[in-house]
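Structure first, commentary second.
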Amino acid sequence: MNRRNLLPEMQSRLARAEDSLSRLLNHLPGTAYRCRVGERFMYGLEFISKGCQTMLGMPPEHFLDPATNVIEQMMPEEDLDLVRSTMQAAIMNHEAYKMFYRITLPTTGEQKWIWDQGEGVYDDAGDCSFVEGIMMDVTDQKKRERELWEENKQLRSSIKNSYGLGDIVGKSDAMQHCYRLMLRASKSDTNVVLYGETGVGKDLAAR
């Protein structure tokens with residue numbers, strides 16, 4: 001191949017690679033994105049995958065307005081401040097960022113919890129030109145965490161206002177200590193081994 005044909009061939013290969021990457025990103029279960037980083041750490045979306053249609057309720061082209069960041073407009077103010085400070089600190093330290101935040105869908109008013117993680121893309125001088133990452137809808141997980149928190153709160157209240165915890169009866173200091181240990185263990189997904197002689201109530205404690 002002569003030099004005259006080399007450039008078009010390279011451009012064709014690059015276009016095919018970009019198409020392949022876009023297809024891959026558009027089939028992710030979440031929403032992939034790429035933001036340019038402007039002055040004072042202002043972010044403008046340059047790419048967002050088609051997952052935004054399901055997760056955010058609007059097509060990709062709705063988010064690519066160069067004059068504004070639509071996703072930031074969907075966040076409550078306190079979450080937006082946290083997101084900006086987290087991303088700015090990560091960029092300045094050349095680190096990846098990971099964060100939770102809330103958004104409100106303008107089409108339905110529904111509030112969702114988002115898990116967002118990504119990192120900066122830096123030029124030869126070490127300046128961040130872009131951030132690239134992926135967002136996931138974790139609303140169901142957050143709802144379950146809230147339900148567990150409420151359940152744990154009720155159990156704590158039952159300890160203070162009664163003589164037991166669930167089906168376990170006992171009000172001594174030793175039993176109160178056991179109740180506190182069980183409630184602490186209930187907050188974790190870590191496996192817990194219960195030891196004790198037959199008949200002391202290990203099954204009750206496990207439940």
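Please note that chains go A, B, ... in the order of the structure tokens, that every chain numbers its residues from 1, and that ligands are numbered from 1 in the order shown.
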(Q) What's around Glu151 of chain A at 12 Å? Count only C-alpha atoms, leave out sequence neighbours fewer than 5 positions away in its own chain, and write the answer as a PyMOL selection string. (A) chain A and resi 144-146+156-158+166+183+186-187
**Q.** Non-local contacts of segment 120-137 of chain A (10 Å; only C-alpha atoms; under 6 positions in same chain excluded) as a ChimeraX atom specification
**A.** /A:25,28-38,41,43-49,51-52,54-56,87-88,90-100,102,112-114
Q) Mind checking DSSP for segment 69-171 of chain A and telling me the strand (DSSP E or B) residues as a ChimeraX atom specification? A) /A:97-104,111-122,128-137,164-165,168-169
Can you spit out the residues from that selection as a PDB file, in the first residue's frame, using C-alpha atoms?
ATOM      1  CA  TYR A  97     -13.586   8.260  41.850  1.00  0.00           C
ATOM      2  CA  LYS A  98     -16.508   6.256  43.261  1.00  0.00           C
ATOM      3  CA  MET A  99     -19.664   7.821  44.654  1.00  0.00           C
ATOM      4  CA  PHE A 100     -23.387   7.521  45.341  1.00  0.00           C
ATOM      5  CA  TYR A 101     -25.830  10.316  44.575  1.00  0.00           C
ATOM      6  CA  ARG A 102     -29.513  10.914  43.938  1.00  0.00           C
ATOM      7  CA  ILE A 103     -31.239  12.161  40.811  1.00  0.00           C
ATOM      8  CA  THR A 104     -34.851  13.097  40.116  1.00  0.00           C
ATOM      9  CA  GLN A 111     -36.029   9.722  42.563  1.00  0.00           C
ATOM     10  CA  LYS A 112     -33.247   7.235  41.891  1.00  0.00           C
ATOM     11  CA  TRP A 113     -29.960   6.366  43.558  1.00  0.00           C
ATOM     12  CA  ILE A 114     -26.944   6.229  41.227  1.00  0.00           C
ATOM     13  CA  TRP A 115     -23.569   4.522  41.708  1.00  0.00           C
ATOM     14  CA  ASP A 116     -20.971   6.359  39.617  1.00  0.00           C
ATOM     15  CA  GLN A 117     -17.346   5.404  39.111  1.00  0.00           C
ATOM     16  CA  GLY A 118     -14.709   6.569  36.644  1.00  0.00           C
ATOM     17  CA  GLU A 119     -11.379   8.310  36.227  1.00  0.00           C
ATOM     18  CA  GLY A 120      -9.673  11.092  34.358  1.00  0.00           C
ATOM     19  CA  VAL A 121      -7.935  10.978  30.978  1.00  0.00           C
ATOM     20  CA  TYR A 122      -4.746  13.047  31.064  1.00  0.00           C
ATOM     21  CA  CYS A 128      -7.108  16.186  32.739  1.00  0.00           C
ATOM     22  CA  SER A 129      -8.963  16.602  29.446  1.00  0.00           C
ATOM     23  CA  PHE A 130     -11.791  14.120  29.995  1.00  0.00           C
ATOM     24  CA  VAL A 131     -13.387  11.883  32.588  1.00  0.00           C
ATOM     25  CA  GLU A 132     -14.799   8.517  31.582  1.00  0.00           C
ATOM     26  CA  GLY A 133     -16.989   6.285  33.704  1.00  0.00           C
ATOM     27  CA  ILE A 134     -20.143   4.289  34.167  1.00  0.00           C
ATOM     28  CA  MET A 135     -23.331   4.917  36.148  1.00  0.00           C
ATOM     29  CA  MET A 136     -25.518   2.180  37.631  1.00  0.00           C
ATOM     30  CA  ASP A 137     -29.053   2.371  39.037  1.00  0.00           C
ATOM     31  CA  GLY A 164     -36.353  -9.701  74.872  1.00  0.00           C
ATOM     32  CA  LEU A 165     -35.464  -9.566  71.188  1.00  0.00           C
ATOM     33  CA  ILE A 168     -35.722 -14.484  72.707  1.00  0.00           C
ATOM     34  CA  VAL A 169     -36.662 -13.628  76.273  1.00  0.00           C
TER      35      VAL A 169
END
Q. Taking the backbone alone, and naming residues the way the document does, which bits of segment 28-167 of chain A are alpha helix (DSSP H) by DSSP, as an NGL selection string?
A. :A and (51-56 or 70-73 or 77-92 or 139-161)
